[in-house]
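Engineer: Before anything else, here's the structure in question.
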Amino acid sequence: MLYYVILCKNKSRSEGKRLKHSIKFGINGQIGVQPGRFTMARRGENIHKRKDGRWEGRYIKGRADGKAIWGYLYGYSYSEVKTELTRRKAMSGFYQLSGASMRFSELAELWLASFAQGVKESTLTHYQYTLHKYLLPVLGDLPVSELNESTLERLFLQILSPSDNSHKPLGTSSAQECFGMLKRICKYAARLHLMPPLELCVKLPRQKKAEPRPLSLAEQAALRSFLLDPPTPRKIGVLLQMELGLRIGEVCGLKWSDFDLKNGILTIQRTVCRIPLGDGHTKLIVQTPKTRKSTREIPLSTGLVAILRKLSKDVTPDTWFLSGTESRPVEPRCYRKSIRCYLKRSALRTIHPHVLRHTFATTCLQAGCDIKTLSELLGHANANVTLQRYVHSDLNRKQKALQRVYALSDRIYKESLRGSQKEQTA
């Protein structure tokens, strides 16, 4: 079968363009028209064929001072160039929206407002502090249209270690938090088509923090002896941290209604913390615990129930456990001072209150408590947090574990030694 190609002018006045058709002549003389078998550049597409045989396409990839910045691409076929040109035009069009005149500070505030309704007040204020303290002083005046990987990575190094000494060089956790926030803001902007997606890569500082050393059994006994002679709600609050693994904010948020002394159950359903307001002032707030699983029920020991019964006389259910009033709870900052005083009077080393929580986790594990149960008692989001942060092995526990593992091989070694001794005797 023979194929011929002709160019014919479309008779439709509405289009007024030249179309290309393939005319097929069959053996029997029939003629068929097949549009689109062969294509050519259409007017306005910015695609043309070069003298070297390649196809060239161009597109506006940006603007500077009102003038177009052209981008070019090349290929050996018209369809190849047209497909890539369409993609490039779409990308260029998407990311030249209102972001051209928007500053990074405006973008950051939009991002912050986008999830403000879904987080706790303390989390929101912490993000606001980090944003205004570290990111905006360096990045705030940058136009969003000028943001790219090299610019952001270079400026983030200034945030890590400022040359003007506006703040101390960031440590590991602060650096990770600032870098994570920057990436989330960029991802938010890309989702709104204000800028193209960026892949940021910065080597963050790593400082190996010393693991907190839990209280030994002797230290726990000394502290317990002091706290129970005589017991008071403030002293028992320390005992709740060491023997139940409560956070200091959770202890401050306890009310007497949270204690079910009949069934021996303690319900954790609130926490107390102080947050900055941004104008140099702070305020005390009562909110839900740290994570969803931090709202939990914890069994009480028989000894604790007996002590709490004595302390619960002449109190109402709405009375705050530590303060003894219905008007205001004790805040963590003040309670830390009380804990330091108790440690000093017990002749113990100075520790952070959170070490009491570490002590509880380690003691439970040494007593044979499984990780899943321990994670639920601590109110962790998952068991991995319990394993990585709160489980501390001591030398005695390592020795016992290895003795169990190599019990069989030890018997084999002993039998082998006995056999060799008999041979030498014989």
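Every chain in the structure tokens takes a letter, A first, then B, and so on in the order presented; its residues are numbered from 1, and the ligands are numbered from 1 following the presented order.
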Which residues are close to Ser257 (chain A), i.e. within 9 Å by only C-alpha atoms, leaving aside same-chain residues fewer than 5 positions away? Reply as a list in words.
Structural biologist: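 After dropping sequence-adjacent residues, the list is Thr267, Thr316, Pro317, Asp318, Thr319 and Trp320 of chain A.
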Engineer: Using the selection just defined, write its residues with C-alpha atoms as a PDB file, in the first residue's frame.
Structural biologist:
```pdb
ATOM      1  CA  THR A 267      -6.671   9.266  86.369  1.00  0.00           C
ATOM      2  CA  THR A 316     -13.454  18.780  98.200  1.00  0.00           C
ATOM      3  CA  PRO A 317     -13.215  16.955  94.846  1.00  0.00           C
ATOM      4  CA  ASP A 318     -12.339  20.239  93.074  1.00  0.00           C
ATOM      5  CA  THR A 319      -9.424  20.969  95.384  1.00  0.00           C
ATOM      6  CA  TRP A 320      -6.042  21.054  93.671  1.00  0.00           C
TER       7      TRP A 320
END
```
Engineer: Just want the 12 Å neighbourhood of Gly278 (chain A), counted on only C-alpha atoms, with same-chain residues fewer than 5 positions away dropped. Output as a list in words.
Structural biologist: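 Returned residues: Leu124, Thr125, His126, Tyr127, Gln128, Tyr129, Thr130, Leu131, His132, Lys133 and Lys283 of chain A.
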Engineer: How would the residues just chosen look if you wrote them out with C-alpha atoms as an mmCIF file, in the first residue's frame?
Structural biologist:
```
data_model
loop_
_atom_site.group_PDB
_atom_site.id
_atom_site.type_symbol
_atom_site.label_atom_id
_atom_site.label_comp_id
_atom_site.auth_asym_id
_atom_site.auth_seq_id
_atom_site.Cartn_x
_atom_site.Cartn_y
_atom_site.Cartn_z
ATOM 1 C CA LEU A 124 1.369 27.184 69.262
ATOM 2 C CA THR A 125 3.173 29.662 71.511
ATOM 3 C CA HIS A 126 6.342 27.541 71.351
ATOM 4 C CA TYR A 127 6.222 27.596 67.535
ATOM 5 C CA GLN A 128 5.659 31.367 67.583
ATOM 6 C CA TYR A 129 8.653 31.843 69.855
ATOM 7 C CA THR A 130 10.936 29.703 67.670
ATOM 8 C CA LEU A 131 9.760 31.434 64.497
ATOM 9 C CA HIS A 132 10.221 34.998 65.755
ATOM 10 C CA LYS A 133 13.376 34.286 67.752
ATOM 11 C CA LYS A 283 0.486 33.165 81.771
#
```
Engineer: Set the distance at 9 Å and use only C-alpha atoms: which residues neighbour Thr359 (chain A) once local chain neighbours fewer than 3 positions away are removed? I'd like the list as number ranges by chain.
Structural biologist: A: 213-216, 220, 241-243, 245, 354-356, 362-364, 390-392
Engineer: May I ask which of the residues A:Pro289, A:Arg404, A:Arg389, A:Leu311 is the closest one to Lys120 (chain A), counting only C-alpha atoms?
Structural biologist: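 The shortest atom-to-atom distance to Lys120 (chain A) comes from A:Pro289.
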Engineer: Pick out the residues sitting within 12 Å of region 51-53 of chain A, and hand them over as a PyMOL selection string; count only C-alpha atoms, and ignore anything fewer than 4 positions along from it in its own chain.
Structural biologist: chain A and resi 74-78
Engineer: Those selected residues, please, written with C-alpha atoms and delivered as a compact mmCIF listing (two decimals), in the first residue's frame.
Structural biologist:
```txt
# COMPACT_ATOMS: atom_id res chain seq x y z
CA TYR A 74 15.66 21.08 22.46
CA GLY A 75 14.73 17.69 21.06
CA TYR A 76 14.89 15.54 17.94
CA SER A 77 11.12 15.27 17.53
CA TYR A 78 8.27 17.76 17.66
```
